[in-house]
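Dropping data_11.json in here (JSON, C-alpha atoms):
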```json
[["chain", "number", "residue", "atom", "x", "y", "z"],
["A", 1, "MET", "CA", 0.00, 0.00, 0.00],
["A", 2, "SER", "CA", 1.35, 3.37, -0.98],
["A", 3, "VAL", "CA", 0.57, 6.78, 0.46],
["A", 4, "GLU", "CA", 0.43, 9.81, -1.83],
["A", 5, "PRO", "CA", 2.31, 12.81, -0.44],
["A", 6, "THR", "CA", -0.02, 15.63, 0.66],
["A", 7, "ASN", "CA", 2.38, 18.27, -0.60],
["A", 8, "PRO", "CA", 3.12, 17.66, -4.25],
["A", 9, "ASP", "CA", 6.42, 19.56, -3.89],
["A", 10, "ALA", "CA", 7.48, 17.21, -1.12],
["A", 11, "SER", "CA", 7.73, 14.42, -3.64],
["A", 12, "GLU", "CA", 10.57, 16.37, -5.28],
["A", 13, "ILE", "CA", 12.62, 16.63, -2.07],
["A", 14, "SER", "CA", 15.21, 13.97, -1.77],
["A", 15, "PRO", "CA", 17.82, 13.50, 0.94],
["A", 16, "GLU", "CA", 20.37, 14.67, -1.62],
["A", 17, "SER", "CA", 18.59, 18.02, -2.30],
["A", 18, "THR", "CA", 20.71, 21.09, -1.66],
["A", 19, "PRO", "CA", 19.25, 23.98, 0.44],
["A", 20, "GLU", "CA", 18.90, 26.04, -2.75],
["A", 21, "GLU", "CA", 16.63, 23.36, -4.15],
["A", 22, "VAL", "CA", 14.48, 23.10, -0.99],
["A", 23, "LEU", "CA", 14.03, 26.73, 0.04],
["A", 24, "PRO", "CA", 11.98, 29.09, -2.10],
["A", 25, "VAL", "CA", 14.05, 31.69, -3.90],
["A", 26, "LEU", "CA", 12.98, 35.16, -2.72],
["A", 27, "PRO", "CA", 13.71, 38.40, -4.53],
["A", 28, "PRO", "CA", 16.42, 40.49, -2.87],
["A", 29, "PRO", "CA", 15.04, 42.98, -0.30],
["A", 30, "PRO", "CA", 14.83, 46.59, -1.46],
["A", 31, "ALA", "CA", 17.88, 48.63, -0.55],
["A", 32, "LEU", "CA", 17.42, 50.60, 2.65],
["A", 33, "PRO", "CA", 17.47, 54.35, 2.12],
["A", 34, "SER", "CA", 20.84, 55.67, 3.15],
["A", 35, "THR", "CA", 21.26, 58.70, 5.33],
["A", 36, "SER", "CA", 24.52, 60.42, 6.06],
["A", 37, "ILE", "CA", 25.53, 63.37, 8.23],
["A", 38, "HIS", "CA", 27.84, 66.05, 6.86],
["A", 39, "GLU", "CA", 29.49, 69.29, 7.82],
["A", 40, "ALA", "CA", 27.60, 72.15, 6.17],
["A", 41, "ALA", "CA", 27.65, 75.87, 5.56],
["A", 42, "ILE", "CA", 24.99, 78.28, 4.39],
["A", 43, "VAL", "CA", 25.95, 80.33, 1.35],
["A", 44, "SER", "CA", 25.97, 84.10, 1.74],
["A", 45, "GLY", "CA", 23.20, 86.01, -0.05],
["A", 46, "TRP", "CA", 19.52, 85.68, -0.80],
["A", 47, "SER", "CA", 19.43, 82.09, -2.09],
["A", 48, "GLY", "CA", 19.81, 80.31, 1.24],
["A", 49, "ASP", "CA", 21.76, 77.57, -0.55],
["A", 50, "VAL", "CA", 23.46, 74.98, 1.63],
["A", 51, "GLU", "CA", 26.85, 73.42, 0.88],
["A", 52, "TYR", "CA", 27.92, 70.08, 2.34],
["A", 53, "GLY", "CA", 31.41, 68.95, 3.31],
["A", 54, "ALA", "CA", 32.95, 65.93, 4.98],
["A", 55, "GLU", "CA", 30.80, 63.11, 6.34],
["A", 56, "ILE", "CA", 30.74, 62.97, 10.15],
["A", 57, "ASP", "CA", 29.24, 60.70, 12.80],
["A", 58, "GLU", "CA", 26.36, 61.61, 15.09],
["A", 59, "GLY", "CA", 28.54, 62.49, 18.09],
["A", 60, "THR", "CA", 30.67, 64.81, 16.00],
["A", 61, "ALA", "CA", 27.49, 66.36, 14.58],
["A", 62, "VAL", "CA", 26.17, 67.13, 18.07],
["A", 63, "ALA", "CA", 29.50, 68.67, 19.05],
["A", 64, "ARG", "CA", 29.56, 70.71, 15.84],
["A", 65, "ARG", "CA", 26.06, 72.03, 16.46],
["A", 66, "ALA", "CA", 26.92, 72.80, 20.10],
["A", 67, "SER", "CA", 29.73, 74.99, 18.84],
["A", 68, "GLY", "CA", 27.38, 76.93, 16.56],
["A", 69, "LEU", "CA", 28.29, 75.30, 13.25],
["A", 70, "ASP", "CA", 25.95, 73.89, 10.61],
["A", 71, "ILE", "CA", 25.32, 70.27, 9.68],
["A", 72, "VAL", "CA", 23.19, 68.65, 6.98],
["A", 73, "ILE", "CA", 21.52, 65.25, 6.84],
["A", 74, "ARG", "CA", 21.76, 63.86, 3.32],
["A", 75, "GLY", "CA", 19.59, 61.21, 1.69],
["A", 76, "ASN", "CA", 16.39, 60.66, -0.25],
["A", 77, "ASP", "CA", 14.08, 59.79, 2.65],
["A", 78, "THR", "CA", 12.80, 63.14, 3.92],
["A", 79, "ALA", "CA", 11.14, 61.72, 7.03],
["A", 80, "MET", "CA", 14.24, 59.78, 8.04],
["A", 81, "ASN", "CA", 16.42, 62.84, 7.47],
["A", 82, "ARG", "CA", 14.07, 65.03, 9.49],
["A", 83, "ARG", "CA", 14.02, 62.57, 12.40],
["A", 84, "LEU", "CA", 17.81, 62.38, 12.52],
["A", 85, "ALA", "CA", 18.20, 66.17, 12.28],
["A", 86, "ARG", "CA", 15.72, 66.60, 15.14],
["A", 87, "LYS", "CA", 17.49, 63.91, 17.21],
["A", 88, "ILE", "CA", 20.83, 65.71, 16.86],
["A", 89, "GLU", "CA", 19.38, 69.16, 17.61],
["A", 90, "VAL", "CA", 17.62, 67.87, 20.74],
["A", 91, "GLN", "CA", 20.97, 66.69, 22.09],
["A", 92, "VAL", "CA", 22.22, 70.30, 21.95],
["A", 93, "SER", "CA", 19.21, 71.85, 23.72],
["A", 94, "THR", "CA", 15.65, 72.94, 22.80],
["A", 95, "PRO", "CA", 15.12, 73.10, 19.04],
["A", 96, "THR", "CA", 12.52, 74.99, 17.05],
["A", 97, "LEU", "CA", 10.01, 73.13, 14.95],
["A", 98, "PRO", "CA", 11.44, 72.28, 11.53],
["A", 99, "GLN", "CA", 11.37, 75.31, 9.28],
["A", 100, "PRO", "CA", 10.73, 75.02, 5.56],
["A", 101, "PRO", "CA", 12.90, 76.92, 3.08],
["A", 102, "HIS", "CA", 11.73, 80.44, 2.39],
["A", 103, "MET", "CA", 9.51, 80.92, -0.64],
["A", 104, "ARG", "CA", 11.99, 83.25, -2.31],
["A", 105, "ALA", "CA", 14.93, 81.00, -1.51],
["A", 106, "GLY", "CA", 16.72, 79.01, -4.18],
["A", 107, "PRO", "CA", 16.25, 75.33, -5.02],
["A", 108, "ARG", "CA", 19.17, 74.34, -2.81],
["A", 109, "ALA", "CA", 17.75, 75.99, 0.31],
["A", 110, "LEU", "CA", 16.82, 73.30, 2.80],
["A", 111, "PRO", "CA", 14.43, 72.88, 5.72],
["A", 112, "HIS", "CA", 16.18, 73.03, 9.04],
["A", 113, "PHE", "CA", 16.11, 73.07, 12.82],
["A", 114, "HIS", "CA", 17.91, 75.50, 15.04],
["A", 115, "GLN", "CA", 17.91, 76.35, 18.71],
["A", 116, "GLN", "CA", 14.95, 78.34, 20.03],
["A", 117, "SER", "CA", 17.35, 80.54, 21.97],
["A", 118, "ARG", "CA", 19.68, 80.92, 18.94],
["A", 119, "ASN", "CA", 22.45, 80.03, 21.35],
["A", 120, "PRO", "CA", 24.37, 78.29, 19.95],
["A", 121, "VAL", "CA", 23.71, 79.71, 16.50],
["A", 122, "GLY", "CA", 23.75, 77.56, 13.38],
["A", 123, "HIS", "CA", 21.39, 75.09, 11.75],
["A", 124, "GLY", "CA", 20.64, 71.42, 11.46],
["A", 125, "PHE", "CA", 19.61, 71.17, 7.78],
["A", 126, "TYR", "CA", 18.08, 68.12, 6.15],
["A", 127, "GLU", "CA", 17.64, 67.20, 2.51],
["A", 128, "MET", "CA", 14.33, 66.36, 0.89],
["A", 129, "ASP", "CA", 13.71, 64.11, -2.09],
["A", 130, "LYS", "CA", 13.71, 67.16, -4.37],
["A", 131, "ARG", "CA", 15.89, 69.65, -2.47],
["A", 132, "LYS", "CA", 19.56, 68.85, -2.11],
["A", 133, "ALA", "CA", 22.64, 70.53, -0.70],
["A", 134, "ARG", "CA", 25.46, 71.15, -3.13],
["A", 135, "LYS", "CA", 29.00, 69.91, -2.69],
["A", 136, "LYS", "CA", 31.38, 72.42, -1.19],
["A", 137, "PRO", "CA", 33.81, 73.40, -3.93],
["B", 1, "MET", "CA", -0.51, 85.37, 5.40],
["B", 2, "LYS", "CA", -2.09, 84.04, 2.24],
["B", 3, "TYR", "CA", 0.40, 81.47, 1.01],
["B", 4, "PHE", "CA", 2.30, 80.60, 4.12],
["B", 5, "THR", "CA", -0.27, 80.18, 6.87],
["B", 6, "PRO", "CA", 0.43, 79.45, 10.56],
["B", 7, "ASP", "CA", -1.62, 76.28, 10.16],
["B", 8, "LEU", "CA", 0.64, 75.04, 7.35],
["B", 9, "LEU", "CA", 3.76, 75.79, 9.38],
["B", 10, "ALA", "CA", 2.32, 73.95, 12.38],
["B", 11, "ARG", "CA", 1.62, 70.89, 10.24],
["B", 12, "TYR", "CA", 5.11, 71.14, 8.71],
["B", 13, "GLY", "CA", 6.51, 70.82, 12.22],
["B", 14, "SER", "CA", 4.32, 67.89, 13.21],
["B", 15, "ALA", "CA", 6.02, 64.95, 14.90],
["B", 16, "ASP", "CA", 3.69, 62.70, 12.86],
["B", 17, "ASP", "CA", 5.63, 61.91, 9.69],
["B", 18, "ARG", "CA", 2.46, 61.48, 7.63],
["B", 19, "ILE", "CA", 1.24, 64.97, 8.53],
["B", 20, "ALA", "CA", 4.68, 66.51, 8.10],
["B", 21, "ASP", "CA", 5.25, 64.81, 4.73],
["B", 22, "ALA", "CA", 1.87, 66.02, 3.45],
["B", 23, "ALA", "CA", 2.75, 69.54, 4.60],
["B", 24, "ASP", "CA", 6.09, 69.25, 2.74],
["B", 25, "VAL", "CA", 4.18, 68.69, -0.48],
["B", 26, "GLU", "CA", 1.75, 71.49, 0.32],
["B", 27, "TRP", "CA", 4.62, 73.84, 1.09],
["B", 28, "GLU", "CA", 6.28, 73.18, -2.27],
["B", 29, "ILE", "CA", 2.98, 73.87, -4.05],
["B", 30, "ALA", "CA", 2.56, 77.11, -2.06],
["B", 31, "THR", "CA", 6.15, 78.06, -2.91],
["B", 32, "GLU", "CA", 5.53, 77.65, -6.64],
["B", 33, "ALA", "CA", 2.30, 79.66, -6.38],
["B", 34, "TYR", "CA", 4.00, 82.45, -4.46],
["B", 35, "GLN", "CA", 6.98, 82.60, -6.80],
["B", 36, "LYS", "CA", 4.60, 82.93, -9.74],
["B", 37, "HIS", "CA", 2.73, 85.68, -7.90],
["B", 38, "PHE", "CA", 5.96, 87.47, -6.98],
["B", 39, "ARG", "CA", 7.25, 87.43, -10.56],
["B", 40, "SER", "CA", 3.96, 88.98, -11.68],
["B", 41, "ILE", "CA", 4.33, 91.99, -9.36],
["B", 42, "GLU", "CA", 8.10, 92.38, -9.08],
["B", 43, "ARG", "CA", 8.41, 95.09, -11.75],
["B", 44, "GLU", "CA", 5.87, 97.28, -10.00],
["B", 45, "LEU", "CA", 7.74, 97.29, -6.70],
["B", 46, "PRO", "CA", 9.81, 100.34, -5.72],
["B", 47, "LYS", "CA", 13.35, 100.10, -7.04],
["B", 48, "LYS", "CA", 15.02, 100.15, -3.62],
["B", 49, "PHE", "CA", 12.68, 97.48, -2.32],
["B", 50, "ARG", "CA", 13.52, 95.27, -5.31],
["B", 51, "SER", "CA", 17.22, 95.68, -4.69],
["B", 52, "LEU", "CA", 16.71, 94.80, -1.03],
["B", 53, "LEU", "CA", 14.88, 91.61, -1.91],
["B", 54, "ARG", "CA", 17.47, 90.62, -4.48],
["B", 55, "ARG", "CA", 20.40, 91.12, -2.14],
["B", 56, "TYR", "CA", 19.21, 89.76, 1.19],
["B", 57, "GLN", "CA", 17.46, 86.78, 2.72],
["B", 58, "PHE", "CA", 15.56, 87.75, 5.88],
["B", 59, "HIS", "CA", 14.56, 84.31, 7.07],
["B", 60, "ASP", "CA", 15.75, 83.79, 10.68],
["B", 61, "ALA", "CA", 17.00, 87.36, 10.96],
["B", 62, "THR", "CA", 16.98, 88.63, 14.55],
["B", 63, "VAL", "CA", 14.66, 91.60, 15.03],
["B", 64, "SER", "CA", 16.19, 94.02, 17.52],
["B", 65, "PHE", "CA", 14.05, 97.12, 17.03],
["B", 66, "VAL", "CA", 10.60, 98.06, 15.73],
["B", 67, "GLY", "CA", 9.51, 101.71, 16.05],
["B", 68, "MET", "CA", 7.69, 104.65, 14.48],
["B", 69, "ASN", "CA", 8.69, 108.22, 13.69],
["B", 70, "ASP", "CA", 5.96, 110.26, 11.94],
["B", 71, "GLN", "CA", 4.84, 108.11, 9.03],
["B", 72, "VAL", "CA", 8.00, 106.03, 8.94],
["B", 73, "LEU", "CA", 8.18, 102.53, 10.38],
["B", 74, "HIS", "CA", 11.68, 101.52, 11.42],
["B", 75, "LEU", "CA", 12.82, 97.91, 11.70],
["B", 76, "THR", "CA", 16.33, 96.83, 12.62],
["B", 77, "VAL", "CA", 17.28, 93.25, 11.87],
["B", 78, "GLN", "CA", 20.49, 91.26, 11.93],
["B", 79, "LEU", "CA", 20.64, 88.73, 9.12],
["B", 80, "ASP", "CA", 21.20, 85.06, 9.85],
["B", 81, "ALA", "CA", 23.24, 84.29, 6.75],
["B", 82, "PRO", "CA", 26.91, 85.23, 6.81],
["B", 83, "PRO", "CA", 28.34, 87.83, 7.17],
["B", 84, "ARG", "CA", 25.32, 88.61, 9.42],
["B", 85, "GLU", "CA", 24.95, 92.22, 8.40],
["B", 86, "THR", "CA", 22.53, 94.46, 10.25],
["B", 87, "ILE", "CA", 19.85, 96.06, 8.05],
["B", 88, "PHE", "CA", 18.04, 99.26, 9.00],
["B", 89, "LEU", "CA", 14.67, 99.28, 7.21],
["B", 90, "ARG", "CA", 12.51, 102.39, 6.86],
["B", 91, "TYR", "CA", 9.02, 102.08, 5.37],
["B", 92, "LEU", "CA", 7.05, 105.18, 4.33],
["B", 93, "LEU", "CA", 3.58, 104.15, 5.47],
["B", 94, "VAL", "CA", 0.39, 105.05, 3.61],
["B", 95, "ASP", "CA", -1.90, 103.52, 6.20],
["B", 96, "GLU", "CA", -1.75, 102.05, 9.67],
["B", 97, "PHE", "CA", 0.20, 98.85, 9.96],
["B", 98, "LYS", "CA", -1.60, 95.86, 11.41],
["B", 99, "MET", "CA", -0.44, 93.34, 13.97],
["B", 100, "VAL", "CA", -2.24, 90.05, 14.36],
["B", 101, "SER", "CA", -1.24, 87.39, 16.84],
["B", 102, "ASP", "CA", -1.61, 83.69, 16.18],
["B", 103, "ALA", "CA", -4.05, 82.43, 18.81],
["B", 104, "ASP", "CA", -2.03, 79.27, 19.40],
["B", 105, "SER", "CA", 1.23, 81.04, 20.06],
["B", 106, "SER", "CA", 2.43, 82.33, 23.37],
["B", 107, "PRO", "CA", 5.05, 85.08, 23.60],
["B", 108, "GLN", "CA", 8.31, 83.92, 25.13],
["B", 109, "PRO", "CA", 10.10, 87.11, 26.10],
["B", 110, "LYS", "CA", 13.40, 85.39, 26.87],
["B", 111, "LEU", "CA", 13.73, 84.13, 23.32],
["B", 112, "PRO", "CA", 14.99, 86.32, 20.48],
["B", 113, "LEU", "CA", 12.38, 87.59, 18.04],
["B", 114, "LEU", "CA", 13.06, 86.10, 14.61],
["B", 115, "TRP", "CA", 11.76, 87.10, 11.18],
["B", 116, "LEU", "CA", 10.44, 83.80, 9.83],
["B", 117, "TYR", "CA", 8.63, 84.33, 6.52],
["B", 118, "ASP", "CA", 7.20, 87.20, 4.54],
["B", 119, "GLU", "CA", 4.90, 87.74, 1.59],
["B", 120, "ILE", "CA", 4.55, 90.75, -0.67],
["B", 121, "ASP", "CA", 1.45, 92.04, -2.43],
["B", 122, "ILE", "CA", 0.28, 95.08, -4.33],
["B", 123, "VAL", "CA", -2.95, 96.16, -2.66],
["B", 124, "SER", "CA", -3.74, 99.20, -4.82],
["B", 125, "ASN", "CA", -2.50, 100.02, -8.31],
["B", 126, "GLY", "CA", -1.84, 103.35, -9.95],
["B", 127, "ALA", "CA", 1.12, 105.65, -10.48],
["B", 128, "TYR", "CA", 2.20, 105.04, -6.90],
["B", 129, "PRO", "CA", 0.96, 101.57, -5.96],
["B", 130, "THR", "CA", 0.50, 100.60, -2.34],
["B", 131, "ILE", "CA", 2.66, 97.65, -1.39],
["B", 132, "GLU", "CA", 1.89, 95.35, 1.51],
["B", 133, "GLN", "CA", 4.56, 93.25, 3.15],
["B", 134, "ARG", "CA", 3.27, 90.65, 5.58],
["B", 135, "ILE", "CA", 5.85, 89.27, 7.99],
["B", 136, "VAL", "CA", 5.35, 86.41, 10.44],
["B", 137, "PHE", "CA", 7.69, 86.35, 13.43],
["B", 138, "SER", "CA", 8.83, 83.51, 15.67],
["B", 139, "ASP", "CA", 6.40, 84.48, 18.44],
["B", 140, "GLY", "CA", 3.44, 84.01, 16.08],
["B", 141, "LEU", "CA", 2.92, 87.73, 15.51],
["B", 142, "GLU", "CA", 2.04, 88.77, 11.95],
["B", 143, "LEU", "CA", 2.89, 92.32, 10.91],
["B", 144, "SER", "CA", 1.29, 93.83, 7.78],
["B", 145, "ILE", "CA", 3.06, 96.93, 6.47],
["B", 146, "PRO", "CA", 1.28, 99.07, 3.84],
["B", 147, "PHE", "CA", 3.81, 101.38, 2.17],
["B", 148, "GLN", "CA", 4.60, 103.21, -1.04],
["B", 149, "ASP", "CA", 8.35, 103.50, -0.71],
["B", 150, "MET", "CA", 11.16, 102.45, 1.55],
["B", 151, "THR", "CA", 14.87, 102.90, 2.11],
["B", 152, "TYR", "CA", 17.47, 100.88, 3.92],
["B", 153, "SER", "CA", 21.05, 100.99, 5.06],
["B", 154, "THR", "CA", 23.37, 98.28, 6.28],
["B", 155, "ALA", "CA", 26.27, 97.91, 8.71],
["B", 156, "HIS", "CA", 28.57, 95.22, 9.94],
["B", 157, "SER", "CA", 28.55, 94.74, 13.70],
["B", 158, "LEU", "CA", 31.53, 96.01, 15.66],
["B", 159, "PRO", "CA", 32.82, 93.76, 18.43],
["B", 160, "LEU", "CA", 32.86, 95.90, 21.57],
["B", 161, "ILE", "CA", 36.13, 94.98, 23.18],
["B", 162, "ALA", "CA", 37.65, 97.31, 25.75],
["B", 163, "LYS", "CA", 41.25, 96.94, 24.63],
["B", 164, "GLY", "CA", 42.71, 96.07, 21.32],
["B", 165, "ALA", "CA", 39.53, 96.46, 19.34],
["B", 166, "GLY", "CA", 40.52, 96.68, 15.75],
["B", 167, "GLY", "CA", 38.87, 97.00, 12.39],
["B", 168, "ALA", "CA", 36.60, 99.60, 10.94],
["B", 169, "VAL", "CA", 32.87, 99.51, 10.56],
["B", 170, "ARG", "CA", 31.66, 99.89, 7.02],
["B", 171, "VAL", "CA", 28.27, 101.56, 6.73],
["B", 172, "GLU", "CA", 26.52, 101.40, 3.42],
["B", 173, "PHE", "CA", 23.87, 103.93, 2.53],
["B", 174, "ALA", "CA", 21.41, 102.41, 0.16],
["B", 175, "GLY", "CA", 18.72, 105.06, 0.34]]
```

Can you give me the file's structure in the form of C-alpha cells?
Amino acid sequence: MSVEPTNPDASEISPESTPEEVLPVLPPPPALPSTSIHEAAIVSGWSGDVEYGAEIDEGTAVARRASGLDIVIRGNDTAMNRRLARKIEVQVSTPTLPQPPHMRAGPRALPHFHQQSRNPVGHGFYEMDKRKARKKP
Amino acid sequence: MKYFTPDLLARYGSADDRIADAADVEWEIATEAYQKHFRSIERELPKKFRSLLRRYQFHDATVSFVGMNDQVLHLTVQLDAPPRETIFLRYLLVDEFKMVSDADSSPQPKLPLLWLYDEIDIVSNGAYPTIEQRIVFSDGLELSIPFQDMTYSTAHSLPLIAKGAGGAVRVEFAG
C-alpha cells in the first residue's frame, strides 16, 4: 500500500537536495534608504543655498552644532532625514520646529532646525527628495 | 498670510511623519504659487525694495528694534546668513500697519524675536501703488506693512572689546 504525499512539492525533495533546491528563492530585499551626516555651511546672499562637506558621525554632529556650526543630513528619505536632524538638535538643547525653506529661496535651500534661543547659533539642515545641498567646492 | 499660513507651518513641524510629509508637499505647491505671484508683481515694486529683496534673505534674521517716527516705520534686523549684516529698514507708510497674533502662540520674552517668513502684495495700483509686506515672526505675531516707498542701510557689527579692538565699521547707505 502506498501513500500519496499531501504536498506535491514534497515528492521532489530527496535527501540529496541542496538547500537552494528546498528553500523558495525570494527576490532580494529593497535597498534601505541611506542617510549620512555632513558638515555644512549656508551660502551668503539671498538664495539660502546649503553646501555640504565631509561626512561625520552623530557624536561629531552634536559637538559641531553645540559649537554653533551647521550640519546637513543627506539622503532621499525626507522623514528619516528630518528625524535624525531633530534627534541631533535635541541633544544640543531645545530646538525649534522644523522650518521650511523660504519661498523666495533658491532650489538648494533646505528645511532646518535651530535652537529656540539661537544660542548656539547655526542650523541642522536636512535634505528632501527634491531639495539637495550642493557639494562644497 | 495668504500662502504661508500658521496652520501650514504647524503641520510642517508635526512629529507625525504622515502629517509633516503632506505639509512638505503642500509647502512646495505654495512656494511655486507664491513665486509665480511674486514674478507677476516684481516690476511694480519700488526700485530700492527690489534691490533689497534681491540682495538679502531675511529668514531667521533677529529683530532688535521696531519703532515709528511720523509716518516712517523703522525695523532693525540682523541677518542670519553670513556675514550677518545688520539692516536698518525704513518704510514710508500710507496707512496704519496691522499686527495680528496667532491664537495658538504664546510670547516667550526670553527668546529672540526672529523674522520667519514674509509675503509681498500690491494692494492698490496706480502711479504710486501701495505695497503690503506681511511678515510672520517667531512668536506668532504677523505684521502687515502698507507702504509706497522704503529705504534701507546696512552695517557690519563692531565687536565691543575694551582693549585692542581693531577694524573699521563699514556703513553702506542704500537710500

- Query: For chain B against chain A, which residues fall within 6 Å using all atoms listed in the file, given as a PyMOL selection string?
  - Reply: chain B and resi 13+31+55-57+81-82+111

- Message: Just the number, please: distance in Å from atom CA of B:Leu92 to atom CA of B:Leu113, one decimal.
- Response: 22.9 Å

- Task: Take the point (4.5, 95.3, -1.3) in the file's coordinates, draw a sphere of radius 12 Å around it, and report as a PyMOL selection string every protein, DNA or RNA residue with an atom inside or on it, counting all atoms listed in the file.
- Result: chain B and resi 37-38+41-50+53+91-94+118-125+128-135+144-150

- Task: To one decimal in Å, tell me the separation between atom CA of B:Gly67 and atom CA of B:Leu9.
- Result: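 Atom CA of B:Leu9 lies 27.4 Å from atom CA of B:Gly67.
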
- Query: atom CA of B:Glu142 to atom CA of B:Pro6: how many Å, to one decimal?
  - Reply: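 Computing it gives 9.6 Å between the two atoms.
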
- Message: Can you pull out the residues contacting stretch 73-76 of chain B? Cut-off 7 Å, using only C-alpha atoms, and skip same-chain residues under 4 positions away; I want them as JSON, numbers by chain.
- Response: {"B": [63, 64, 65, 66, 67, 68, 69, 87, 88, 89, 90, 91, 92, 93]}

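Residue nearest A:Glu55, chosen from A:Lys136, A:Asn76, A:Val92, A:Pro24 and counting all atoms listed in the file: A:Lys136.
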
- Counting all atoms listed in the file, which of B:Leu158, B:Gln71, B:Glu32, B:Met1 gets nearest to B:Ser101? B:Met1

- Polymer residues at most 8 Å from (25.3, 74.8, 21.5) by all atoms listed in the file, as a list in words: Ala63, Arg65, Ala66, Ser67, Gly68, Val92, Ser93, Asn119, Pro120 and Val121 of chain A

- Query: Got a sec: who's within 8 Å of A:Gln91, counting all atoms listed in the file, leaving out chain neighbours fewer than 3 positions off, as a list in words?
  - Reply: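 These residues fall inside the cut-off: Val62, Lys87 and Ile88 of chain A.
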
- So which one's closest to B:Asp139, B:Leu114, B:Leu8, B:Gln78, B:His59? Using only C-alpha atoms, please.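 Closest to B:Asp139 of all the choices is B:Leu114.
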